[in-house]
$ cat structure.cif   # mmCIF, C-alpha atoms and all ligand atoms
data_input
#
loop_
_atom_site.label_atom_id
_atom_site.label_comp_id
_atom_site.auth_asym_id
_atom_site.auth_seq_id
_atom_site.Cartn_x
_atom_site.Cartn_y
_atom_site.Cartn_z
CA MET A 1 -40.41 -21.98 27.44
CA ASN A 2 -43.80 -20.34 27.51
CA LYS A 3 -45.80 -22.04 30.27
CA ALA A 4 -48.92 -20.03 29.67
CA ILE A 5 -49.83 -21.44 26.35
CA ILE A 6 -49.13 -25.05 27.06
CA PHE A 7 -52.37 -26.84 27.71
CA GLU A 8 -51.97 -30.11 29.58
CA PRO A 9 -55.45 -31.71 29.80
CA ASN A 10 -54.52 -34.27 32.50
CA LYS A 11 -52.95 -31.69 34.76
CA PHE A 12 -55.81 -29.27 34.15
CA PHE A 13 -58.54 -31.73 35.13
CA LYS A 14 -56.52 -32.97 38.08
CA GLN A 15 -56.21 -29.39 39.29
CA LEU A 16 -59.89 -28.73 38.62
CA LYS A 17 -60.90 -31.86 40.56
CA LYS A 18 -58.69 -30.78 43.44
CA ASN A 19 -60.23 -27.30 43.43
CA VAL A 20 -63.76 -28.64 43.26
CA PHE A 21 -62.89 -31.01 46.09
CA SER A 22 -61.42 -28.24 48.30
CA PHE A 23 -64.34 -25.99 47.44
CA GLY A 24 -66.68 -28.79 48.54
CA VAL A 25 -64.78 -29.24 51.80
CA ILE A 26 -64.88 -25.50 52.49
CA LEU A 27 -68.58 -25.43 51.68
CA LEU A 28 -69.26 -28.34 54.07
CA VAL A 29 -67.27 -26.68 56.84
CA LEU A 30 -69.20 -23.44 56.32
CA LEU A 31 -72.50 -25.29 56.33
CA ALA A 32 -71.52 -27.12 59.51
CA ILE A 33 -70.54 -23.87 61.25
CA GLY A 34 -73.73 -22.23 60.00
CA GLY A 35 -75.77 -25.22 61.10
CA SER A 36 -74.35 -25.40 64.57
CA TYR A 37 -74.66 -21.63 64.85
CA SER A 38 -78.35 -21.71 63.97
CA PHE A 39 -78.73 -24.73 66.27
CA THR A 40 -77.25 -22.87 69.22
CA GLN A 41 -79.44 -19.93 68.28
CA LYS A 42 -82.47 -22.23 68.41
CA ALA A 43 -81.56 -23.88 71.74
CA LYS A 44 -82.64 -20.96 73.87
CA LYS A 45 -80.23 -19.71 76.46
CA PRO A 46 -81.72 -20.37 79.89
CA LYS A 47 -83.11 -17.24 81.49
CA VAL A 48 -83.39 -19.05 84.76
CA LYS A 49 -81.13 -21.70 86.26
CA LYS A 50 -82.72 -22.14 89.67
CA VAL A 51 -86.36 -23.06 90.15
CA ILE A 52 -88.25 -23.86 93.34
CA PHE A 53 -91.65 -25.25 92.44
CA ILE A 54 -94.06 -25.55 95.36
CA ILE A 55 -97.27 -27.54 95.11
CA GLY A 56 -100.00 -27.40 97.71
CA ASP A 57 -101.89 -30.56 96.86
CA GLY A 58 -105.61 -29.79 96.96
CA MET A 59 -104.94 -26.12 97.73
CA GLY A 60 -107.65 -23.93 96.24
CA LEU A 61 -108.58 -20.33 96.97
CA ALA A 62 -110.99 -21.30 99.77
CA GLN A 63 -108.19 -23.19 101.56
CA ILE A 64 -105.84 -20.20 101.26
CA SER A 65 -108.53 -17.62 102.12
CA GLY A 66 -109.84 -19.51 105.12
CA ALA A 67 -106.56 -20.61 106.63
CA MET A 68 -104.68 -17.36 106.07
CA SER A 69 -107.50 -15.22 107.48
CA GLU A 70 -106.93 -17.00 110.79
CA SER A 71 -103.13 -17.17 110.67
CA THR A 72 -100.91 -14.99 112.81
CA ASP A 73 -97.92 -15.72 110.54
CA ARG A 74 -96.90 -13.55 107.63
CA ASN A 75 -99.08 -14.42 104.65
CA ALA A 76 -96.58 -15.80 102.10
CA PHE A 77 -99.14 -15.72 99.29
CA GLU A 78 -99.42 -11.93 99.61
CA ARG A 79 -95.70 -11.59 98.88
CA PHE A 80 -96.21 -12.53 95.23
CA LYS A 81 -96.86 -9.85 92.63
CA VAL A 82 -97.55 -12.17 89.72
CA ILE A 83 -100.70 -14.29 90.03
CA GLY A 84 -102.26 -16.64 87.49
CA MET A 85 -105.06 -19.16 87.27
CA SER A 86 -104.59 -22.73 86.14
CA LYS A 87 -107.34 -24.89 84.63
CA THR A 88 -106.87 -28.33 86.08
CA SER A 89 -108.97 -30.79 84.01
CA SER A 90 -107.29 -34.05 83.01
CA ALA A 91 -107.59 -35.81 79.64
CA ASP A 92 -110.54 -37.95 80.73
CA ASN A 93 -112.06 -36.10 83.70
CA TYR A 94 -113.16 -32.55 84.34
CA VAL A 95 -112.05 -33.23 87.91
CA THR A 96 -108.44 -34.39 87.90
CA ASP A 97 -106.54 -36.52 90.40
CA SER A 98 -103.00 -35.82 91.60
CA GLY A 99 -101.44 -38.26 89.10
CA ALA A 100 -102.81 -36.51 86.03
CA GLY A 101 -102.49 -33.21 87.90
CA ALA A 102 -98.71 -33.42 88.31
CA THR A 103 -98.15 -35.24 85.01
CA VAL A 104 -98.92 -31.97 83.22
CA PHE A 105 -96.26 -30.13 85.21
CA ALA A 106 -93.67 -32.83 84.50
CA ILE A 107 -94.32 -33.77 80.84
CA GLY A 108 -96.65 -31.01 79.61
CA LYS A 109 -99.40 -33.42 78.52
CA LYS A 110 -102.82 -34.02 79.97
CA THR A 111 -103.38 -37.68 80.71
CA PHE A 112 -105.98 -39.98 82.28
CA ASN A 113 -106.56 -39.87 86.03
CA TYR A 114 -104.08 -42.06 87.96
CA GLY A 115 -101.49 -41.81 85.16
CA ILE A 116 -97.94 -40.91 86.23
CA SER A 117 -96.08 -39.00 83.49
CA VAL A 118 -97.43 -41.15 80.67
CA GLY A 119 -99.53 -39.86 77.77
CA THR A 120 -103.08 -41.01 77.02
CA ASP A 121 -101.34 -43.77 75.02
CA SER A 122 -99.78 -44.97 78.31
CA LEU A 123 -96.32 -44.28 76.88
CA PRO A 124 -93.68 -42.36 78.83
CA TYR A 125 -92.82 -38.84 77.69
CA PRO A 126 -89.71 -36.92 78.77
CA SER A 127 -90.10 -35.03 82.03
CA LEU A 128 -88.52 -31.73 83.06
CA PHE A 129 -86.18 -33.61 85.41
CA GLU A 130 -85.01 -35.90 82.59
CA MET A 131 -84.40 -32.94 80.30
CA MET A 132 -82.52 -31.19 83.09
CA LYS A 133 -80.31 -34.21 83.80
CA LYS A 134 -79.26 -34.16 80.11
CA LYS A 135 -77.89 -30.69 80.84
CA ASN A 136 -76.24 -31.89 84.05
CA MET A 137 -78.56 -29.81 86.21
CA ALA A 138 -79.68 -30.96 89.66
CA THR A 139 -83.20 -32.10 90.61
CA GLY A 140 -85.03 -32.93 93.80
CA VAL A 141 -88.31 -33.46 95.63
CA VAL A 142 -89.26 -32.82 99.25
CA VAL A 143 -92.75 -33.94 100.29
CA THR A 144 -94.89 -34.79 103.32
CA SER A 145 -96.37 -37.85 101.58
CA SER A 146 -94.24 -40.83 100.59
CA ILE A 147 -91.58 -39.84 98.05
CA THR A 148 -93.31 -42.31 95.69
CA HIS A 149 -96.77 -40.71 96.02
CA ALA A 150 -98.51 -39.45 92.86
CA THR A 151 -97.27 -35.85 92.91
CA PRO A 152 -93.52 -36.43 93.40
CA ALA A 153 -93.64 -39.65 91.31
CA CYS A 154 -94.59 -37.69 88.18
CA PHE A 155 -91.29 -35.84 88.32
CA TYR A 156 -89.05 -38.94 88.03
CA ALA A 157 -91.17 -41.98 87.14
CA HIS A 158 -93.44 -43.18 84.32
CA VAL A 159 -96.16 -45.69 85.24
CA SER A 160 -99.76 -46.07 84.17
CA SER A 161 -101.06 -46.25 87.75
CA ARG A 162 -100.10 -44.19 90.77
CA LYS A 163 -100.83 -47.23 92.92
CA SER A 164 -97.62 -48.98 91.80
CA GLU A 165 -95.45 -47.29 94.43
CA ASP A 166 -92.97 -50.18 94.52
CA ASP A 167 -92.40 -49.71 90.77
CA ILE A 168 -92.23 -45.95 91.18
CA ALA A 169 -89.47 -46.32 93.81
CA GLU A 170 -87.37 -48.31 91.33
CA PHE A 171 -87.36 -45.35 88.96
CA LEU A 172 -85.14 -43.56 91.49
CA LEU A 173 -82.36 -45.88 90.31
CA LYS A 174 -82.37 -44.11 86.94
CA GLY A 175 -80.84 -41.08 88.62
CA ASN A 176 -83.22 -38.41 87.32
CA CYS A 177 -84.03 -37.23 90.82
CA ASP A 178 -80.90 -36.38 92.82
CA ILE A 179 -82.58 -35.70 96.13
CA ALA A 180 -85.79 -37.28 97.44
CA ILE A 181 -86.88 -36.54 101.01
CA GLY A 182 -90.20 -37.50 102.61
CA GLY A 183 -92.01 -40.62 103.77
CA GLY A 184 -92.13 -44.02 102.08
CA THR A 185 -89.60 -46.25 103.80
CA LYS A 186 -91.75 -49.30 103.03
CA PHE A 187 -91.27 -48.82 99.28
CA ILE A 188 -87.49 -48.96 99.77
CA THR A 189 -86.97 -51.56 102.50
CA ASP A 190 -90.20 -53.56 102.79
CA ARG A 191 -91.10 -54.25 99.20
CA LYS A 192 -93.40 -56.94 97.86
CA ASP A 193 -90.62 -58.19 95.55
CA LYS A 194 -88.15 -58.27 98.51
CA LYS A 195 -85.58 -56.33 96.44
CA ASN A 196 -83.00 -54.47 98.50
CA LEU A 197 -83.48 -51.03 97.03
CA THR A 198 -81.15 -49.44 99.58
CA GLU A 199 -78.22 -51.43 98.22
CA LEU A 200 -79.20 -50.79 94.60
CA LEU A 201 -79.50 -47.05 95.25
CA GLN A 202 -76.11 -47.02 96.95
CA LEU A 203 -74.61 -48.80 93.93
CA ASN A 204 -76.05 -45.93 91.88
CA GLY A 205 -74.24 -43.36 94.00
CA PHE A 206 -76.99 -42.38 96.42
CA ILE A 207 -76.56 -41.86 100.12
CA VAL A 208 -79.61 -43.63 101.54
CA LYS A 209 -81.24 -43.22 104.91
CA THR A 210 -84.51 -44.94 105.72
CA ASP A 211 -86.23 -44.77 109.09
CA THR A 212 -89.68 -44.22 110.56
CA THR A 213 -88.82 -41.58 113.16
CA ASN A 214 -90.36 -38.57 111.37
CA ASN A 215 -87.39 -36.76 112.85
CA PHE A 216 -85.37 -34.90 110.20
CA GLU A 217 -81.60 -35.12 110.64
CA PRO A 218 -79.93 -33.58 107.60
CA PHE A 219 -76.85 -35.08 106.00
CA SER A 220 -74.76 -33.85 103.09
CA GLY A 221 -74.72 -35.41 99.66
CA ASN A 222 -75.59 -34.33 96.16
CA LYS A 223 -77.47 -37.59 95.65
CA GLN A 224 -79.64 -38.70 98.53
CA VAL A 225 -82.77 -40.71 99.23
CA TYR A 226 -84.05 -40.03 102.70
CA THR A 227 -87.31 -41.49 103.99
CA LEU A 228 -88.40 -40.69 107.54
CA ALA A 229 -91.74 -42.50 107.76
CA TYR A 230 -93.03 -45.94 106.84
CA ASP A 231 -95.63 -44.46 104.45
CA GLY A 232 -96.74 -40.81 104.53
CA MET A 233 -95.19 -38.43 107.06
CA LYS A 234 -97.00 -37.68 110.33
CA ARG A 235 -99.67 -35.01 110.30
CA LYS A 236 -98.54 -31.58 111.42
CA LEU A 237 -101.24 -31.90 114.10
CA ASP A 238 -99.49 -35.04 115.38
CA GLY A 239 -96.09 -33.42 115.78
CA ARG A 240 -94.35 -33.34 112.40
CA ASN A 241 -92.70 -30.11 113.58
CA ASP A 242 -90.85 -28.07 110.94
CA PHE A 243 -89.82 -30.97 108.72
CA LEU A 244 -91.07 -29.42 105.48
CA LYS A 245 -89.28 -26.11 105.95
CA LEU A 246 -86.07 -27.67 107.24
CA ALA A 247 -85.87 -30.41 104.62
CA SER A 248 -86.70 -27.95 101.82
CA MET A 249 -84.00 -25.46 102.82
CA HIS A 250 -81.53 -28.31 103.27
CA ALA A 251 -82.33 -29.72 99.82
CA ILE A 252 -81.88 -26.26 98.29
CA SER A 253 -78.42 -25.95 99.88
CA GLN A 254 -77.40 -29.34 98.43
CA LEU A 255 -78.86 -28.77 94.95
CA ASN A 256 -77.24 -25.34 94.84
CA ASN A 257 -73.84 -27.07 94.72
CA ASN A 258 -74.55 -27.80 91.06
CA LYS A 259 -73.37 -24.76 89.11
CA ASN A 260 -75.58 -25.66 86.13
CA GLY A 261 -78.71 -24.98 88.16
CA TYR A 262 -81.53 -26.98 89.68
CA MET A 263 -85.22 -27.54 90.18
CA LEU A 264 -86.64 -28.51 93.56
CA MET A 265 -90.28 -29.58 93.84
CA ILE A 266 -91.67 -29.08 97.32
CA GLU A 267 -95.09 -30.51 98.10
CA GLY A 268 -97.45 -29.78 100.96
CA SER A 269 -99.00 -33.17 100.26
CA GLN A 270 -101.42 -33.29 103.16
CA VAL A 271 -103.41 -30.13 102.45
CA ASP A 272 -105.18 -32.62 100.17
CA TRP A 273 -105.54 -35.27 102.86
CA GLY A 274 -107.20 -32.82 105.23
CA GLY A 275 -109.60 -32.01 102.40
CA HIS A 276 -110.44 -35.66 101.74
CA ALA A 277 -111.14 -36.08 105.45
CA ASN A 278 -113.30 -32.92 105.35
CA ASP A 279 -111.24 -31.98 108.38
CA TYR A 280 -110.74 -28.22 108.32
CA GLN A 281 -108.31 -28.16 111.26
CA TYR A 282 -106.14 -30.80 109.57
CA MET A 283 -106.17 -28.88 106.28
CA LYS A 284 -105.50 -25.57 107.99
CA THR A 285 -102.48 -26.76 109.95
CA GLU A 286 -101.01 -28.34 106.80
CA LEU A 287 -101.51 -25.05 104.98
CA TYR A 288 -99.84 -23.14 107.82
CA ASP A 289 -96.91 -25.53 107.47
CA LEU A 290 -96.72 -24.83 103.75
CA ASN A 291 -97.08 -21.07 104.32
CA GLN A 292 -94.10 -21.18 106.68
CA THR A 293 -92.08 -23.09 104.08
CA ILE A 294 -92.99 -20.63 101.31
CA ASN A 295 -91.94 -17.73 103.55
CA ALA A 296 -88.54 -19.37 104.14
CA VAL A 297 -88.11 -20.03 100.41
CA LEU A 298 -89.07 -16.44 99.53
CA ASP A 299 -86.67 -15.01 102.13
CA TYR A 300 -83.93 -17.06 100.45
CA ALA A 301 -85.01 -16.16 96.91
CA GLU A 302 -85.15 -12.44 97.75
CA LYS A 303 -81.55 -12.58 98.96
CA GLN A 304 -80.30 -14.62 95.99
CA GLY A 305 -82.12 -12.69 93.27
CA ASP A 306 -81.72 -15.43 90.65
CA VAL A 307 -84.25 -17.99 91.88
CA LEU A 308 -87.69 -18.44 90.34
CA VAL A 309 -90.32 -19.50 92.87
CA VAL A 310 -93.68 -20.78 91.63
CA VAL A 311 -96.45 -21.91 93.97
CA THR A 312 -99.60 -23.63 92.78
CA ALA A 313 -101.90 -26.61 93.29
CA ASP A 314 -102.75 -29.61 91.16
CA HIS A 315 -106.46 -29.20 92.00
CA GLU A 316 -108.78 -28.21 94.83
CA THR A 317 -109.89 -30.83 97.37
CA GLY A 318 -113.18 -31.01 99.23
CA GLY A 319 -115.15 -28.40 97.32
CA LEU A 320 -114.52 -26.16 100.31
CA SER A 321 -116.53 -22.98 100.74
CA LEU A 322 -116.57 -20.41 103.52
CA HIS A 323 -120.19 -19.99 104.55
CA PRO A 324 -121.65 -17.33 106.87
CA ASN A 325 -121.36 -18.25 110.50
CA LYS A 326 -124.80 -17.93 112.11
CA ASP A 327 -123.44 -17.29 115.61
CA ASP A 328 -120.68 -14.87 114.72
CA LYS A 329 -121.15 -12.86 111.57
CA LYS A 330 -117.46 -11.91 111.51
CA GLN A 331 -116.50 -15.59 111.30
CA PHE A 332 -117.15 -18.19 108.62
CA THR A 333 -118.16 -21.81 108.67
CA ALA A 334 -115.98 -24.16 106.61
CA ASN A 335 -118.28 -26.20 104.46
CA TYR A 336 -117.16 -29.15 102.37
CA SER A 337 -119.22 -30.33 99.41
CA THR A 338 -117.31 -33.51 98.53
CA SER A 339 -114.78 -35.92 100.01
CA GLY A 340 -113.07 -35.89 96.63
CA HIS A 341 -111.53 -33.18 94.44
CA SER A 342 -113.30 -30.35 92.65
CA GLY A 343 -112.78 -28.89 89.18
CA ILE A 344 -112.35 -25.22 90.08
CA MET A 345 -109.33 -23.30 88.75
CA VAL A 346 -106.42 -23.03 91.15
CA PRO A 347 -104.15 -20.03 91.73
CA VAL A 348 -100.53 -19.78 90.57
CA PHE A 349 -98.10 -17.46 92.37
CA ALA A 350 -94.75 -16.54 90.84
CA PHE A 351 -91.72 -14.63 92.11
CA GLY A 352 -88.30 -13.94 90.62
CA PRO A 353 -86.81 -14.06 87.11
CA GLY A 354 -89.36 -15.21 84.53
CA ALA A 355 -92.28 -14.80 86.95
CA GLU A 356 -94.26 -12.66 84.49
CA LEU A 357 -94.87 -15.73 82.28
CA PHE A 358 -97.14 -17.13 84.97
CA GLY A 359 -99.69 -14.30 84.93
CA GLY A 360 -103.05 -14.87 83.23
CA ILE A 361 -105.48 -17.74 82.88
CA TYR A 362 -104.26 -20.89 81.13
CA GLU A 363 -104.39 -24.68 81.04
CA ASN A 364 -102.16 -26.34 83.65
CA THR A 365 -99.90 -27.64 80.84
CA GLN A 366 -98.68 -24.06 80.35
CA ILE A 367 -96.78 -24.27 83.63
CA HIS A 368 -94.60 -27.02 82.12
CA TYR A 369 -93.94 -25.02 78.97
CA ASN A 370 -93.03 -21.91 80.95
CA PHE A 371 -90.43 -23.87 82.94
CA LYS A 372 -89.13 -25.48 79.77
CA GLN A 373 -88.74 -22.15 78.05
CA LEU A 374 -87.14 -20.42 81.02
CA LEU A 375 -84.70 -23.25 81.71
CA GLY A 376 -83.80 -23.51 78.01
CA LEU A 377 -84.76 -27.18 77.85
CA GLU A 378 -85.34 -29.15 74.65
MG MG A 401 -99.84 -35.08 96.22
ZN ZN A 402 -106.49 -35.98 96.66
#
$ encode --input "structure.cif" --output "structure tokens"
Amino acid sequence: MNKAIIFEPNKFFKQLKKNVFSFGVILLVLLAIGGSYSFTQKAKKPKVKKVIFIIGDGMGLAQISGAMSESTDRNAFERFKVIGMSKTSSADNYVTDSGAGATVFAIGKKTFNYGISVGTDSLPYPSLFEMMKKKNMATGVVVTSSITHATPACFYAHVSSRKSEDDIAEFLLKGNCDIAIGGGTKFITDRKDKKNLTELLQLNGFIVKTDTTNNFEPFSGNKQVYTLAYDGMKRKLDGRNDFLKLASMHAISQLNNNKNGYMLMIEGSQVDWGGHANDYQYMKTELYDLNQTINAVLDYAEKQGDVLVVVTADHETGGLSLHPNKDDKKQFTANYSTSGHSGIMVPVFAFGPGAELFGGIYENTQIHYNFKQLLGLE
């Protein structure tokens, strides 16, 4: 029998259909592999996995120049080789507030003053911390204000007014901020709605400690909410001791347990408060406190080699200038021009992998995009 010349239409088309089908399947598989390949190509590999972001609220060049010229401590700011300038205007004001000022760091969008990580449409936009949690990275804030104050709030909450600190505290339940240390006990335990936030946080896996002692006693835990003061922390002048440095280094040691990486936001919140009070001594001692913390962080980062440290401000406070001192020409007189904020550019200091991105003059939103790019976030 000669197989070759027998044409069986049914068999032929069946075979053809089968071949077309397998060809289709192969094509789909190839497309899928190609697609996922180009997708992984697009999702940038993180250059940096560990970020310590330090904000001196209200810390402009006059604050740094004045305070550090009188300090006997090592000047931490002079340890940075990469320096930039950030333009701080908000969406509706040349002179920003701390809500709009930290919103840009967290979500990369300018918003109206008092907004907390919402756009000008009052809608929430994804923050760095939220993007990082999707990649199972660790996040935290350590501040000398309440943990629900405008600056830290922007990193884990979305509300249209910074004044809603009770509401901001509830955002901690969402788990986008693993470690929160600072003041603000009243927003956890003495709330207007009488909710027991301690219990709710514990149900969400947090170790919670709330007191009003201002006395930092570290405890271990990858998820912790620790408030040490009823509202803001004590002033350094009134005996806050080394809380900021100790709590920051402790938070770093806890966040570092996460092998996927972390971001810790440390805020010298009260540099701003000294400015509002036009109280140079208050401002100066808060800046010394921050300087000491930055030195400790840089010592650590130098040893580790894989930690990006960025220090900046959300805005300047007080319109501070250093005028000639009539009695002693080698001294200056600290002169405030407002009890509010000013619209001057603020410095950005960067150290470690990816630091070079922070050189130059740019809008404050750029700081968000630099972090996003370096951490490989989408
Ligand atoms: Mg602040
Ligand atoms: Zn302020």
$ closest_residue --input "structure.cif" --among "A:Leu128, A:Met345, A:Val95, A:Leu264" --to "ligand ZN 402 (chain A)" --atoms "all atoms listed in the file"
A:Val95
$ residues_around --input "structure.cif" --residues "A:Ser65" --least-positions-apart "3" --cutoff "12 Å" --atoms "all atoms listed in the file" --output "ChimeraX atom specification"
/A:59-62,68-71,75,77-78,284,287-288,320-322,332,334,347
$ atom_distance --input "structure.cif" --atom1 "atom CA of A:Arg191" --atom2 "atom CA of A:Ile168"
11.6 Å
$ closest_atom_pairs --input "structure.cif" --of "chain A" --to "ligand MG 401 (chain A)" --cutoff "10 Å" --atoms "all atoms listed in the file" --output "Markdown table"
| residue | atom | partner | partner_atom | distance |
| --- | --- | --- | --- | --- |
| A:Ile55 | CA | A:MG401 | MG | 8.0 |
| A:Gly56 | CA | A:MG401 | MG | 7.8 |
| A:Asp57 | CA | A:MG401 | MG | 5.0 |
| A:Gly58 | CA | A:MG401 | MG | 7.9 |
| A:Asp97 | CA | A:MG401 | MG | 9.0 |
| A:Ser98 | CA | A:MG401 | MG | 5.6 |
| A:Gly99 | CA | A:MG401 | MG | 8.0 |
| A:Gly101 | CA | A:MG401 | MG | 8.9 |
| A:Ala102 | CA | A:MG401 | MG | 8.2 |
| A:Val143 | CA | A:MG401 | MG | 8.3 |
| A:Thr144 | CA | A:MG401 | MG | 8.7 |
| A:Ser145 | CA | A:MG401 | MG | 7.0 |
| A:Ser146 | CA | A:MG401 | MG | 9.1 |
| A:Ile147 | CA | A:MG401 | MG | 9.7 |
| A:Thr148 | CA | A:MG401 | MG | 9.8 |
| A:His149 | CA | A:MG401 | MG | 6.4 |
| A:Ala150 | CA | A:MG401 | MG | 5.7 |
| A:Thr151 | CA | A:MG401 | MG | 4.3 |
| A:Pro152 | CA | A:MG401 | MG | 7.1 |
| A:Ala153 | CA | A:MG401 | MG | 9.1 |
| A:Cys154 | CA | A:MG401 | MG | 10.0 |
| A:Glu267 | CA | A:MG401 | MG | 6.9 |
| A:Gly268 | CA | A:MG401 | MG | 7.5 |
| A:Ser269 | CA | A:MG401 | MG | 4.5 |
| A:Gln270 | CA | A:MG401 | MG | 7.3 |
| A:Val271 | CA | A:MG401 | MG | 8.7 |
| A:Asp272 | CA | A:MG401 | MG | 7.1 |
| A:Trp273 | CA | A:MG401 | MG | 8.8 |
| A:Ala313 | CA | A:MG401 | MG | 9.2 |
| A:Asp314 | CA | A:MG401 | MG | 8.0 |
| A:His315 | CA | A:MG401 | MG | 9.8 |
$ write_last_selection --input "structure.cif" --atoms "C-alpha atoms" --output "short mmCIF file (atom, residue, chain, number, x, y, z; two decimals), keeping the file's coordinate frame"
data_model
loop_
_atom_site.label_atom_id
_atom_site.label_comp_id
_atom_site.auth_asym_id
_atom_site.auth_seq_id
_atom_site.Cartn_x
_atom_site.Cartn_y
_atom_site.Cartn_z
CA ILE A 55 -97.27 -27.54 95.11
CA GLY A 56 -100.00 -27.40 97.71
CA ASP A 57 -101.89 -30.56 96.86
CA GLY A 58 -105.61 -29.79 96.96
CA ASP A 97 -106.54 -36.52 90.40
CA SER A 98 -103.00 -35.82 91.60
CA GLY A 99 -101.44 -38.26 89.10
CA GLY A 101 -102.49 -33.21 87.90
CA ALA A 102 -98.71 -33.42 88.31
CA VAL A 143 -92.75 -33.94 100.29
CA THR A 144 -94.89 -34.79 103.32
CA SER A 145 -96.37 -37.85 101.58
CA SER A 146 -94.24 -40.83 100.59
CA ILE A 147 -91.58 -39.84 98.05
CA THR A 148 -93.31 -42.31 95.69
CA HIS A 149 -96.77 -40.71 96.02
CA ALA A 150 -98.51 -39.45 92.86
CA THR A 151 -97.27 -35.85 92.91
CA PRO A 152 -93.52 -36.43 93.40
CA ALA A 153 -93.64 -39.65 91.31
CA CYS A 154 -94.59 -37.69 88.18
CA GLU A 267 -95.09 -30.51 98.10
CA GLY A 268 -97.45 -29.78 100.96
CA SER A 269 -99.00 -33.17 100.26
CA GLN A 270 -101.42 -33.29 103.16
CA VAL A 271 -103.41 -30.13 102.45
CA ASP A 272 -105.18 -32.62 100.17
CA TRP A 273 -105.54 -35.27 102.86
CA ALA A 313 -101.90 -26.61 93.29
CA ASP A 314 -102.75 -29.61 91.16
CA HIS A 315 -106.46 -29.20 92.00
#
$ atom_distance --input "structure.cif" --atom1 "atom CA of A:Val310" --atom2 "atom CA of A:Gly360"
13.9 Å
$ closest_residue --input "structure.cif" --among "A:Thr139, A:Thr120, A:Asn364, A:Asn291" --to "A:Lys50" --atoms "all atoms listed in the file"
A:Thr139
$ atom_distance --input "structure.cif" --atom1 "atom CA of A:Met265" --atom2 "atom CA of A:Thr338"
27.7 Å
$ residues_near_point --input "structure.cif" --point "(-94.6, -13.1, 82.0)" --cutoff "12 Å" --atoms "all atoms listed in the file" --output "ChimeraX atom specification"
/A:81-84,349-361,366-367,370-371,373-374
$ residues_around --input "structure.cif" --residues "A:Cys177" --least-positions-apart "5" --cutoff "8 Å" --atoms "all atoms listed in the file" --output "PDB file with C-alpha atoms, in the coordinates of the input"
ATOM      1  CA  PHE A 129     -86.180 -33.610  85.410  1.00  0.00           C
ATOM      2  CA  ALA A 138     -79.680 -30.960  89.660  1.00  0.00           C
ATOM      3  CA  THR A 139     -83.200 -32.100  90.610  1.00  0.00           C
ATOM      4  CA  GLY A 140     -85.030 -32.930  93.800  1.00  0.00           C
ATOM      5  CA  VAL A 141     -88.310 -33.460  95.630  1.00  0.00           C
ATOM      6  CA  PHE A 155     -91.290 -35.840  88.320  1.00  0.00           C
ATOM      7  CA  TYR A 156     -89.050 -38.940  88.030  1.00  0.00           C
ATOM      8  CA  LEU A 172     -85.140 -43.560  91.490  1.00  0.00           C
TER       9      LEU A 172
END
$ closest_residue --input "structure.cif" --among "A:Asn325, A:Ser127, A:Asn260, A:Asn241" --to "A:Asn214" --atoms "all atoms listed in the file"
A:Asn241
$ residues_around --input "structure.cif" --residues "A:Ile252" --least-positions-apart "2" --cutoff "9 Å" --atoms "only C-alpha atoms" --output "NGL selection string"
:A and (52 or 140 or 247-250 or 254-257 or 262-264)
$ closest_residue --input "structure.cif" --among "A:Ala100, A:Thr285, A:Ile179, A:Lys329" --to "ligand ZN 402 (chain A)" --atoms "only C-alpha atoms and all ligand atoms"
A:Ala100
$ closest_residue --input "structure.cif" --among "A:Arg162, A:Lys192, A:Lys109, A:Lys174" --to "ligand ZN 402 (chain A)" --atoms "all atoms listed in the file"
A:Arg162
$ closest_residue --input "structure.cif" --among "A:Ala91, A:Met283, A:Val142, A:Ile54" --to "ligand ZN 402 (chain A)" --atoms "only C-alpha atoms and all ligand atoms"
A:Met283
$ residues_around --input "structure.cif" --residues "A:Leu173" --least-positions-apart "3" --cutoff "9 Å" --atoms "only C-alpha atoms" --output "PyMOL selection string"
chain A and resi 169-170+176-177+197+200-201+204+206
$ residues_around --input "structure.cif" --residues "A:Pro124" --least-positions-apart "3" --cutoff "10 Å" --atoms "all atoms listed in the file" --output "PyMOL selection string"
chain A and resi 107+116-121+127+157-160
